[in-house]
Every structure is written in structure tokens, then in C-alpha cells.
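Just below is one structure, and these are the notes that go with it.
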Amino acid sequence: MDPTIKDFETAIAELETIVKKLEEGDLALEASLQLYERGVHLSRFCHARLEEAEKRIEILNERGELRPAPPGFATETNGPSKGKE
């Protein structure tokens with residue numbers, strides 16, 4: 001994953017800014033493509049974080065208590081997570 005993406009909230013905020021800029025349509029083609037590419041990276045990052053949260057919730061619901069995720073859980077799809085608890 002992109003090391004410049006700090007956390008879910010920051011990624012969402014940046015993604016919203018990108019969408020607004022692209023919707024305005026005032027950018028050159030190359031600049032629009034670069035923003036679009038960054039948006040795709042941010043979107044994938046956010047999607048992966050949401051999937052991780054969903055799996056944690058499923059574990060809680062199944063067992064009634066928080067249990068550690070299976071070994072390699074965070075590395076299976078996105079590599080090691082940084083800046084987490």
C-alpha cells in the first residue's frame with residue numbers, strides 16, 4: 001500500500017477533495033489523470049480498512065468477545081498496518 005496514506009479518516013478527506021476537483025472540470029487532462037489515479041489508491045485503501053473492520057465485527061459477533069485476528073490477518077490483503085493501536 002501507499003505509505004503516504006496515513007489513516008482511514010485522512011484518506012476519506014483527501015478522496016472527497018479529489019472528487020470535488022475532478023467534478024469542477026477545470027484541470028488539464030494529465031492533472032485529472034493523476035488525481036484519478038490517487039483517488040483509486042485512496043479508495044482501495046479505504047475499502048481494505050473497511051473490510052478489516054467488518055471482519056473484526058464478525059469475530060466479535062460470533063464469539064461474544066474480542067479475540068485476536070488470525071495470524072497474518074492484516075498482511076493478507078494490504079501488508080502490515082501502520083499507526084494502529
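Chain labels follow the order of the C-alpha cells: the first chain is A, the next B, and so on; residue numbering restarts at 1 in every chain, and ligands are counted from 1 in their shown order.
Non-sequential neighbours of range 41-58 of chain A (distance at most 7 Å, separation of 3 or more positions within a chain, only C-alpha atoms) are A:Phe8, A:Ala11, A:Leu15, A:Glu37, A:Arg38, A:Asn61, A:Glu62.
We find CA of Ala13 in chain A and CA of Ile59 in chain A to be spaced 28.5 Å apart.
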